[in-house]
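Undergrad: My structure is stored as query_15.tsv, with TSV, C-alpha atoms.
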chain	number	residue	atom	x	y	z
A	1	MET	CA	99.95	51.62	6.29
A	2	THR	CA	100.15	55.28	7.33
A	3	GLY	CA	96.42	55.37	7.98
A	4	LEU	CA	96.57	52.22	10.06
A	5	LEU	CA	99.42	53.65	12.15
A	6	LEU	CA	97.47	56.89	12.70
A	7	VAL	CA	94.37	55.06	13.93
A	8	PHE	CA	96.43	52.77	16.13
A	9	ALA	CA	98.18	55.81	17.62
A	10	ALA	CA	94.76	57.20	18.56
A	11	GLY	CA	93.68	53.82	19.95
A	12	ILE	CA	96.85	53.41	22.01
A	13	SER	CA	96.46	56.94	23.37
A	14	GLY	CA	92.92	56.11	24.45
A	15	TYR	CA	94.08	52.89	26.07
A	16	LEU	CA	96.82	54.69	28.04
A	17	PHE	CA	94.39	57.44	29.08
A	18	PHE	CA	91.77	54.98	30.35
A	19	ARG	CA	94.37	52.86	32.11
A	20	HIS	CA	95.90	55.90	33.81
A	21	PHE	CA	92.54	56.97	35.24
A	22	ARG	CA	91.55	53.35	36.09
A	23	LEU	CA	88.53	53.38	33.79
A	24	PRO	CA	86.94	50.01	32.92
A	25	VAL	CA	88.16	47.92	29.97
A	26	PRO	CA	90.79	50.45	28.79
A	27	GLY	CA	91.84	48.40	25.78
A	28	VAL	CA	88.40	48.36	24.16
A	29	LEU	CA	86.68	51.47	25.52
A	30	GLY	CA	89.73	53.76	25.50
A	31	SER	CA	90.65	52.98	21.92
A	32	LEU	CA	86.98	53.18	20.93
A	33	CYS	CA	86.50	56.68	22.35
A	34	PHE	CA	89.68	58.14	20.86
A	35	ALA	CA	89.33	56.45	17.46
A	36	ALA	CA	85.66	57.48	17.26
A	37	ALA	CA	86.66	61.10	18.01
A	38	LEU	CA	89.14	60.88	15.15
A	39	ASN	CA	86.42	59.52	12.88
A	40	LEU	CA	83.88	62.18	13.85
A	41	ALA	CA	86.50	64.91	13.30
A	42	GLY	CA	86.86	63.77	9.70
A	43	PHE	CA	90.44	62.49	9.99
A	44	TYR	CA	89.72	58.77	9.91
A	45	PRO	CA	91.92	57.34	7.14
A	46	GLU	CA	90.89	54.71	4.65
A	47	PHE	CA	92.43	51.30	5.28
A	48	PRO	CA	91.17	47.70	5.00
A	49	LEU	CA	89.56	46.75	8.28
A	50	ARG	CA	89.36	43.08	7.42
A	51	TYR	CA	93.01	42.48	8.30
A	52	LEU	CA	92.48	44.05	11.70
A	53	VAL	CA	89.33	41.96	12.17
A	54	TRP	CA	91.24	38.79	11.34
A	55	PHE	CA	94.09	39.66	13.70
A	56	SER	CA	91.78	40.50	16.62
A	57	ASN	CA	89.71	37.36	16.16
A	58	ILE	CA	92.74	35.08	15.91
A	59	VAL	CA	94.30	36.54	19.06
A	60	ILE	CA	91.07	36.44	21.06
A	61	GLY	CA	90.29	32.91	19.88
A	62	THR	CA	93.78	31.80	20.92
A	63	TYR	CA	93.42	33.49	24.29
A	64	VAL	CA	90.06	31.87	25.04
A	65	GLY	CA	91.23	28.49	23.73
A	66	GLN	CA	94.13	28.48	26.16
A	67	LYS	CA	91.64	28.80	29.01
A	68	VAL	CA	90.31	25.32	28.24
A	69	THR	CA	91.76	22.85	30.73
A	70	ARG	CA	90.70	19.43	31.94
A	71	THR	CA	89.24	21.06	35.03
A	72	SER	CA	87.27	23.64	33.08
A	73	VAL	CA	85.87	20.96	30.75
A	74	ARG	CA	84.20	19.34	33.76
A	75	PHE	CA	82.03	22.44	33.97
A	76	LEU	CA	80.70	21.96	30.42
A	77	ARG	CA	78.17	19.40	31.61
A	78	ASP	CA	76.41	22.29	33.37
A	79	LEU	CA	76.03	24.26	30.12
A	80	PRO	CA	73.10	22.62	28.23
A	81	VAL	CA	70.31	24.00	30.42
A	82	PRO	CA	71.89	27.47	30.83
A	83	ALA	CA	72.58	27.61	27.09
A	84	LEU	CA	68.96	26.82	26.23
A	85	THR	CA	67.75	29.37	28.77
A	86	ILE	CA	69.99	32.10	27.41
A	87	SER	CA	69.12	31.33	23.79
A	88	ALA	CA	65.37	31.40	24.46
A	89	GLY	CA	65.71	34.52	26.61
A	90	MET	CA	67.75	36.38	23.97
A	91	LEU	CA	65.25	35.48	21.27
A	92	ALA	CA	62.43	36.77	23.47
A	93	ILE	CA	64.33	40.00	24.21
A	94	SER	CA	65.06	40.53	20.51
A	95	LEU	CA	61.47	39.93	19.43
A	96	THR	CA	60.14	42.21	22.16
A	97	GLY	CA	62.59	44.98	21.25
A	98	GLY	CA	61.76	44.66	17.56
A	99	THR	CA	58.02	44.82	18.21
A	100	LEU	CA	58.36	47.93	20.37
A	101	LEU	CA	60.66	49.64	17.87
A	102	TYR	CA	58.26	48.93	15.00
A	103	PHE	CA	55.33	50.52	16.82
A	104	MET	CA	57.40	53.48	18.11
A	105	SER	CA	59.13	54.42	14.84
A	106	ASP	CA	58.61	54.63	11.09
A	107	LEU	CA	60.93	51.70	10.34
A	108	SER	CA	59.75	48.73	8.32
A	109	PRO	CA	59.05	45.54	10.28
A	110	VAL	CA	62.13	43.71	8.98
A	111	THR	CA	64.40	46.68	9.71
A	112	ALA	CA	62.99	47.11	13.21
A	113	PHE	CA	63.40	43.43	14.12
A	114	LEU	CA	66.88	43.05	12.66
A	115	GLY	CA	68.01	46.31	14.25
A	116	SER	CA	66.85	45.12	17.67
A	117	THR	CA	68.23	41.60	17.39
A	118	ALA	CA	71.01	40.65	19.82
A	119	GLY	CA	73.27	39.51	17.00
A	120	GLY	CA	76.53	40.74	15.53
A	121	ILE	CA	76.83	43.93	13.48
A	122	SER	CA	78.25	42.24	10.40
A	123	GLU	CA	75.87	39.26	10.62
A	124	MET	CA	72.79	41.49	10.93
A	125	ALA	CA	74.00	43.71	8.08
A	126	LEU	CA	74.27	40.66	5.82
A	127	LEU	CA	70.82	39.47	6.86
A	128	SER	CA	69.35	42.91	6.22
A	129	MET	CA	70.75	42.84	2.67
A	130	SER	CA	69.26	39.43	1.94
A	131	LEU	CA	65.88	40.27	3.49
A	132	GLY	CA	65.51	43.73	1.94
A	133	ALA	CA	65.84	45.77	5.15
A	134	ASP	CA	67.44	49.21	5.50
A	135	VAL	CA	71.10	48.28	5.96
A	136	ALA	CA	72.15	51.72	7.24
A	137	SER	CA	69.43	51.79	9.92
A	138	VAL	CA	70.14	48.22	11.00
A	139	THR	CA	73.86	48.97	11.32
A	140	LEU	CA	73.16	52.15	13.29
A	141	LEU	CA	70.87	50.35	15.71
A	142	GLN	CA	73.33	47.48	16.13
A	143	VAL	CA	76.23	49.87	16.79
A	144	PHE	CA	74.24	51.71	19.46
A	145	ARG	CA	73.19	48.44	21.12
A	146	LEU	CA	76.77	47.20	21.11
A	147	LEU	CA	78.11	50.45	22.54
A	148	ALA	CA	75.44	50.47	25.25
A	149	ALA	CA	76.29	46.89	26.22
A	150	ILE	CA	80.05	47.51	26.27
A	151	LEU	CA	79.65	50.65	28.38
A	152	ALA	CA	76.98	49.36	30.76
A	153	THR	CA	77.93	45.73	31.36
A	154	PRO	CA	81.35	46.33	32.99
A	155	VAL	CA	79.81	48.95	35.28
A	156	PHE	CA	77.04	46.58	36.37
A	157	CYS	CA	79.56	43.76	36.87
A	158	ARG	CA	81.69	45.83	39.22
A	159	LYS	CA	78.84	47.50	41.08
A	160	TRP	CA	76.84	44.32	41.59
A	161	THR	CA	79.86	42.26	42.65
A	162	ALA	CA	80.97	44.97	45.11
A	163	TRP	CA	77.44	45.27	46.51
A	164	HIS	CA	77.08	41.53	46.88
A	165	GLU	CA	80.45	41.21	48.61
A	166	GLY	CA	79.61	44.06	50.97
A	167	ARG	CA	76.23	42.56	51.75
A	168	THR	CA	77.78	39.29	52.83
A	169	GLN	CA	80.54	41.10	54.80
A	170	GLY	CA	83.36	39.83	52.67
A	171	ALA	CA	82.24	36.19	52.67
A	172	LEU	CA	82.24	36.23	48.87
A	173	SER	CA	85.67	37.77	48.43
A	174	ARG	CA	86.51	34.74	46.27
A	175	VAL	CA	83.61	35.47	43.91
A	176	CYS	CA	85.70	35.52	40.74
A	177	PRO	CA	87.56	32.20	40.35
A	178	LEU	CA	89.04	31.34	36.98
A	179	PRO	CA	88.13	28.95	35.57
A	180	ALA	CA	86.82	26.89	38.51
A	181	GLU	CA	86.13	27.28	42.19
A	182	ILE	CA	89.29	27.51	44.30
A	183	GLY	CA	88.92	24.04	45.74
A	184	ASP	CA	88.55	22.41	42.32
A	185	ILE	CA	91.73	23.74	40.73
A	186	GLY	CA	94.03	20.92	39.69
A	187	ASP	CA	97.58	20.65	38.48
A	188	ASP	CA	96.50	21.43	34.92
A	189	ASP	CA	95.35	24.90	35.99
A	190	LEU	CA	98.44	25.95	37.93
A	191	PRO	CA	100.78	28.44	36.28
A	192	PRO	CA	103.96	26.89	34.95
A	193	SER	CA	106.93	26.91	37.24
A	194	PRO	CA	110.09	28.77	36.15
A	195	GLY	CA	111.69	25.57	35.00
A	196	ARG	CA	108.67	24.11	33.21
A	197	ASN	CA	107.01	25.01	29.89
A	198	ARG	CA	109.52	27.75	29.23
A	199	PRO	CA	108.36	29.67	26.12
A	200	SER	CA	110.35	29.02	22.97
A	201	ALA	CA	110.27	30.25	19.40
A	202	ARG	CA	109.21	26.78	18.25
A	203	GLY	CA	106.33	26.74	20.72
A	204	TYR	CA	105.09	30.12	19.56
A	205	ALA	CA	105.39	29.04	15.91
A	206	ILE	CA	103.30	25.90	16.55
A	207	LEU	CA	100.71	27.90	18.50
A	208	ALA	CA	100.45	30.51	15.73
A	209	ALA	CA	100.16	27.83	13.04
A	210	ALA	CA	97.39	26.02	14.92
A	211	ALA	CA	95.44	29.24	15.56
A	212	LEU	CA	95.77	30.37	11.94
A	213	ALA	CA	94.75	26.95	10.61
A	214	GLY	CA	91.71	26.87	12.87
A	215	GLY	CA	90.73	30.43	12.00
A	216	PHE	CA	91.06	29.76	8.27
A	217	THR	CA	89.00	26.58	8.56
A	218	GLY	CA	86.23	28.36	10.46
A	219	TYR	CA	86.27	31.16	7.89
A	220	ARG	CA	86.04	28.77	4.93
A	221	LEU	CA	83.22	26.82	6.57
A	222	HIS	CA	81.29	30.10	7.07
A	223	LEU	CA	80.83	29.48	10.78
A	224	PRO	CA	79.42	32.35	12.87
A	225	VAL	CA	82.46	34.39	13.93
A	226	GLY	CA	84.33	31.56	12.22
A	227	ILE	CA	87.85	32.95	12.59
A	228	LEU	CA	87.50	33.33	16.36
A	229	THR	CA	85.71	30.05	17.00
A	230	GLY	CA	88.02	28.12	14.67
A	231	ALA	CA	91.15	29.39	16.40
A	232	MET	CA	89.57	28.74	19.79
A	233	PHE	CA	88.71	25.12	18.96
A	234	THR	CA	92.14	24.20	17.57
A	235	VAL	CA	94.06	25.80	20.43
A	236	SER	CA	91.78	24.24	23.05
A	237	ALA	CA	92.12	20.84	21.37
A	238	MET	CA	95.91	21.13	21.60
A	239	ASN	CA	95.60	22.13	25.22
A	240	LEU	CA	93.38	19.18	26.12
A	241	ALA	CA	95.68	16.81	24.20
A	242	GLY	CA	98.49	17.77	26.55
A	243	LYS	CA	100.51	19.72	23.99
A	244	GLU	CA	102.67	22.29	25.74
A	245	GLN	CA	101.80	25.86	24.78
A	246	PRO	CA	103.56	29.10	25.59
A	247	PRO	CA	101.41	31.76	27.27
A	248	LEU	CA	99.91	34.37	24.98
A	249	PRO	CA	101.86	37.64	25.45
A	250	GLY	CA	99.85	40.27	27.31
A	251	GLY	CA	100.87	42.92	24.81
A	252	LEU	CA	99.37	40.91	21.97
A	253	ARG	CA	96.06	40.61	23.82
A	254	THR	CA	96.07	44.36	24.50
A	255	ALA	CA	96.69	44.99	20.80
A	256	ALA	CA	93.64	42.84	19.99
A	257	GLN	CA	91.56	44.85	22.45
A	258	ILE	CA	92.67	48.08	20.81
A	259	GLY	CA	91.87	46.58	17.42
A	260	ILE	CA	88.30	45.81	18.48
A	261	GLY	CA	87.81	49.39	19.65
A	262	ILE	CA	89.09	50.69	16.31
A	263	ILE	CA	86.79	48.35	14.37
A	264	ILE	CA	83.73	49.58	16.26
A	265	ALA	CA	84.82	53.22	15.92
A	266	ALA	CA	84.90	52.86	12.13
A	267	ASN	CA	81.09	52.54	12.20
A	268	ILE	CA	80.59	55.76	14.17
A	269	THR	CA	80.30	58.66	11.73
A	270	THR	CA	78.45	61.97	11.59
A	271	ASP	CA	75.91	60.38	9.24
A	272	THR	CA	75.08	57.61	11.71
A	273	LEU	CA	74.74	60.12	14.53
A	274	ARG	CA	72.51	62.34	12.38
A	275	GLN	CA	70.27	59.38	11.55
A	276	PHE	CA	70.14	58.42	15.20
A	277	THR	CA	68.81	61.81	16.33
A	278	THR	CA	65.58	61.27	14.36
A	279	MET	CA	64.65	58.24	16.47
A	280	ALA	CA	66.83	58.71	19.53
A	281	GLY	CA	63.99	58.59	22.07
A	282	PRO	CA	62.48	55.22	21.09
A	283	VAL	CA	65.90	53.65	20.51
A	284	ILE	CA	67.20	54.71	23.94
A	285	LEU	CA	64.08	53.47	25.74
A	286	ILE	CA	64.08	50.13	23.90
A	287	THR	CA	67.82	49.65	24.46
A	288	LEU	CA	67.38	50.30	28.18
A	289	ALA	CA	64.54	47.77	28.27
A	290	MET	CA	66.70	45.20	26.46
A	291	LEU	CA	69.59	45.86	28.84
A	292	ALA	CA	67.25	45.30	31.79
A	293	GLY	CA	66.10	42.04	30.21
A	294	SER	CA	69.68	40.83	29.70
A	295	LEU	CA	70.57	41.72	33.31
A	296	SER	CA	67.53	39.80	34.56
A	297	LEU	CA	68.64	36.86	32.46
A	298	GLY	CA	72.09	37.12	34.04
A	299	PHE	CA	70.63	37.03	37.55
A	300	LEU	CA	68.55	33.99	36.55
A	301	LEU	CA	71.69	32.28	35.24
A	302	HIS	CA	73.40	32.97	38.57
A	303	ARG	CA	70.52	31.37	40.47
A	304	MET	CA	70.63	28.34	38.17
A	305	THR	CA	74.38	27.74	38.21
A	306	GLY	CA	75.90	29.58	41.16
A	307	TRP	CA	78.57	31.07	38.86
A	308	ASN	CA	79.99	34.45	39.80
A	309	TYR	CA	78.10	37.56	38.68
A	310	PRO	CA	80.61	38.78	36.04
A	311	THR	CA	80.43	35.40	34.26
A	312	CYS	CA	76.63	35.39	34.30
A	313	LEU	CA	76.18	39.04	33.30
A	314	LEU	CA	78.70	38.86	30.47
A	315	SER	CA	77.24	35.57	29.21
A	316	THR	CA	73.83	37.24	28.85
A	317	SER	CA	75.10	40.62	27.69
A	318	LEU	CA	73.83	42.23	24.48
A	319	GLY	CA	77.43	42.76	23.37
A	320	GLY	CA	79.17	40.69	20.74
A	321	LEU	CA	81.06	37.45	21.19
A	322	SER	CA	84.48	39.01	20.58
A	323	GLN	CA	83.89	41.97	22.86
A	324	MET	CA	82.44	39.99	25.77
A	325	SER	CA	85.16	37.34	25.54
A	326	ILE	CA	87.95	39.85	25.87
A	327	ILE	CA	86.15	41.94	28.51
A	328	SER	CA	85.60	38.83	30.62
A	329	GLU	CA	89.25	38.74	31.72
A	330	GLU	CA	89.08	42.38	32.84
A	331	MET	CA	85.91	41.75	34.84
A	332	GLY	CA	87.03	38.55	36.57
A	333	ALA	CA	84.67	36.30	34.63
A	334	ASP	CA	85.35	32.88	33.12
A	335	PRO	CA	86.24	33.54	29.45
A	336	LEU	CA	85.48	29.96	28.42
A	337	LYS	CA	81.92	29.95	29.74
A	338	VAL	CA	81.25	33.46	28.41
A	339	SER	CA	82.57	32.53	24.98
A	340	ILE	CA	80.62	29.27	24.74
A	341	LEU	CA	77.31	30.75	25.89
A	342	GLN	CA	77.70	33.81	23.65
A	343	THR	CA	78.49	31.51	20.72
A	344	VAL	CA	75.37	29.42	21.38
A	345	ARG	CA	73.32	32.62	21.58
A	346	LEU	CA	74.71	33.92	18.27
A	347	VAL	CA	74.30	30.61	16.44
A	348	THR	CA	70.70	30.29	17.64
A	349	ILE	CA	69.83	33.78	16.43
A	350	LEU	CA	71.47	33.23	13.03
A	351	MET	CA	69.56	29.96	12.61
A	352	VAL	CA	66.15	31.09	13.84
A	353	PHE	CA	65.82	34.74	12.79
A	354	PRO	CA	66.22	34.37	9.00
A	355	LEU	CA	63.56	31.64	9.00
A	356	LEU	CA	61.30	33.67	11.27
A	357	MET	CA	61.63	36.87	9.23
A	358	THR	CA	61.02	35.00	5.98
A	359	PHE	CA	57.93	33.33	7.43
A	360	LEU	CA	56.50	36.58	8.82
A	361	PHE	CA	57.39	39.04	6.08
A	362	GLY	CA	58.28	36.94	3.06
What is this structure when it is put down as structure tokens?

TA:
Amino acid sequence: MTGLLLVFAAGISGYLFFRHFRLPVPGVLGSLCFAAALNLAGFYPEFPLRYLVWFSNIVIGTYVGQKVTRTSVRFLRDLPVPALTISAGMLAISLTGGTLLYFMSDLSPVTAFLGSTAGGISEMALLSMSLGADVASVTLLQVFRLLAAILATPVFCRKWTAWHEGRTQGALSRVCPLPAEIGDIGDDDLPPSPGRNRPSARGYAILAAAALAGGFTGYRLHLPVGILTGAMFTVSAMNLAGKEQPPLPGGLRTAAQIGIGIIIAANITTDTLRQFTTMAGPVILITLAMLAGSLSLGFLLHRMTGWNYPTCLLSTSLGGLSQMSIISEEMGADPLKVSILQTVRLVTILMVFPLLMTFLFG
């Protein structure tokens, strides 16, 4: 418990520092920077991360699930074609990055491909164990890709949105509607009035029970990011069924953001940095190329759907499902669309890549 409090103190300090200086995504990036500094200094305590992972996924799943309204569901009919495009594009980006990394480094083919795959850190680590790849190298490459996506994507979202608004002389000042365009918002999307849906202890208890039940079910069924997706589905089902729900406290969502930063920081050690220096050049070049590919895919998604740029760029980002879902609120994107498209991308990779690697390399 003492170790957990120490790491959270570092994460909260980073969050307050980033928020004070108006830096992007203070909950995730601020806690990540300060907790990683603690880890690199050798003072990172030992404590079970799985409880923090469960907490963060339950909270984020609940938050995204509450964004599902009858109005937002009408947008789901637009998702099949974008989802297929993103899945195929991410597979192409991953295969291209893996091929380049294999020819530019001394890594084995399986390690190079799994390290360059736009999947989750834990999922790729498990695949590397089952396929005989170098788990340490795969984890290192995945951590660097995730960090690059988390640092770069918010910057591109803000810069591109600001440039686009300036180019059209303010005509797109309403570029970030949530979850629908302004003219399509119905009564289901309006915030509750002071006398309606007043939060109660019973309401919070029901919401927590539903989120925990969904998260446990997703975990037991071994779904990709099962805790998050399970909680998201149960909470959204309650929402669509007309069950009144209290709003998720902002402090709880901030705590989940800080938890994600701490989880990522636990993978940043002096050993991982030392390993990275031996192949820093090729990894940086390939990561930049993959980032450029994901941005191009985001622009293509914008042309196909007309969604705002933050939603499109975060939906095609190389970051993880949890990270992009929580960052989406900070960037003015639609968390529901980002979460669904990122989930489709992750499921596709987890279904296709093991078969592909087994076929190519036995």

Undergrad: Could you tell me which of A:Ala208, A:Leu91, A:Ile262, A:Met129 comes closest to Pro48 in chain A if we count only C-alpha atoms?

TA: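 Of all the options, A:Ile262 lies closest to Pro48 in chain A.
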
Undergrad: Find the distance between CA of His222 in chain A and CA of Phe47 in chain A and write it in Å to one decimal.

TA: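 Distance reported for this atom pair: 24.0 Å.
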
Undergrad: With range 320-339 of chain A as the partner and 8 Å as the cut-off, tabulate the residues of range 71-171 of chain A that qualify, each row holding the nearest pair of atoms and their distance in Å to one decimal, using all atoms listed in the file, sorted by chain and rising number, as JSON lines.

TA:
{"residue": "A:Gly119", "atom": "CA", "partner": "A:Gly320", "partner_atom": "CA", "distance": 7.1}
{"residue": "A:Gly120", "atom": "CA", "partner": "A:Gly320", "partner_atom": "CA", "distance": 5.8}
{"residue": "A:Leu146", "atom": "CA", "partner": "A:Gly320", "partner_atom": "CA", "distance": 6.9}
{"residue": "A:Ile150", "atom": "CA", "partner": "A:Gln323", "partner_atom": "CA", "distance": 7.6}
{"residue": "A:Pro154", "atom": "CA", "partner": "A:Met331", "partner_atom": "CA", "distance": 6.7}
{"residue": "A:Cys157", "atom": "CA", "partner": "A:Met331", "partner_atom": "CA", "distance": 7.0}
{"residue": "A:Arg158", "atom": "CA", "partner": "A:Met331", "partner_atom": "CA", "distance": 7.3}

Undergrad: Which residue, A:Gly115, A:Gly65, A:Gly226, A:Gly166, has the smallest gap to Thr96 in chain A when you use only C-alpha atoms?

TA: A:Gly115

Undergrad: Near range 286-296 of chain A, counting all atoms listed in the file, which residues have an atom at most 9 Å away, once you skip same-chain residues fewer than 4 positions from it, shown as a PyMOL selection string?

TA: chain A and resi 89-90+93-94+96-98+100-101+116+144-145+148-149+152-153+156+281-282+300-301+312-313+316-318

Undergrad: Ranking A:Gly132, A:Phe353, A:Pro249, A:Tyr309 by minimum distance to Glu165 in chain A and counting only C-alpha atoms, which one comes first?

TA: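 Nearest candidate to Glu165 in chain A out of A:Gly132, A:Phe353, A:Pro249, A:Tyr309: A:Tyr309.
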
Undergrad: Point out the residue among A:Arg220, A:Leu314, A:Gly319, A:Met232 with the least atom-to-atom distance to Leu297 in chain A, counting only C-alpha atoms.

TA: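 Answer, going by the shortest atom-to-atom distance: A:Leu314.
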
Undergrad: Distance CA of Asn308 in chain A-CA of Val68 in chain A, one decimal place?

TA: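 Taking CA of Asn308 in chain A as the start and CA of Val68 in chain A as the end point, the length is 18.0 Å.
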
Undergrad: Could you jot down the CA of Gly14 in chain A to CA of Ala136 in chain A separation for me, Å, one decimal place?

TA: 27.3 Å

Undergrad: Which of these, A:Thr270, A:Asn57, A:Ser236, A:Thr117, has the shortest distance to Leu141 in chain A once you count only C-alpha atoms?

TA: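 Smallest separation from Leu141 in chain A among the options: A:Thr117.
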
Undergrad: With only C-alpha atoms counted, which protein, DNA or RNA residues have an atom no more than 12 Å from (91.0, 40.9, 8.5) in the file frame? Please answer as an mmCIF file with C-alpha atoms, keeping the file's coordinate frame.

TA:
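So the final result, stored in part-v5.cif, reads:
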data_model
loop_
_atom_site.group_PDB
_atom_site.id
_atom_site.type_symbol
_atom_site.label_atom_id
_atom_site.label_comp_id
_atom_site.auth_asym_id
_atom_site.auth_seq_id
_atom_site.Cartn_x
_atom_site.Cartn_y
_atom_site.Cartn_z
ATOM 1 C CA PHE A 47 92.430 51.300 5.280
ATOM 2 C CA PRO A 48 91.170 47.700 5.000
ATOM 3 C CA LEU A 49 89.560 46.750 8.280
ATOM 4 C CA ARG A 50 89.360 43.080 7.420
ATOM 5 C CA TYR A 51 93.010 42.480 8.300
ATOM 6 C CA LEU A 52 92.480 44.050 11.700
ATOM 7 C CA VAL A 53 89.330 41.960 12.170
ATOM 8 C CA TRP A 54 91.240 38.790 11.340
ATOM 9 C CA PHE A 55 94.090 39.660 13.700
ATOM 10 C CA SER A 56 91.780 40.500 16.620
ATOM 11 C CA ASN A 57 89.710 37.360 16.160
ATOM 12 C CA ILE A 58 92.740 35.080 15.910
ATOM 13 C CA VAL A 59 94.300 36.540 19.060
ATOM 14 C CA GLY A 215 90.730 30.430 12.000
ATOM 15 C CA PHE A 216 91.060 29.760 8.270
ATOM 16 C CA TYR A 219 86.270 31.160 7.890
ATOM 17 C CA ILE A 227 87.850 32.950 12.590
ATOM 18 C CA LEU A 228 87.500 33.330 16.360
ATOM 19 C CA ALA A 256 93.640 42.840 19.990
ATOM 20 C CA GLY A 259 91.870 46.580 17.420
ATOM 21 C CA ILE A 260 88.300 45.810 18.480
ATOM 22 C CA ILE A 263 86.790 48.350 14.370
#

Undergrad: Choose the residue, out of A:Asp271, A:Gly218, A:Lys243, A:Leu151, that has the smallest atom-to-atom separation from Val25 in chain A; count only C-alpha atoms.

TA: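 Looking only at the distances to Val25 in chain A, the closest residue turns out to be A:Leu151.
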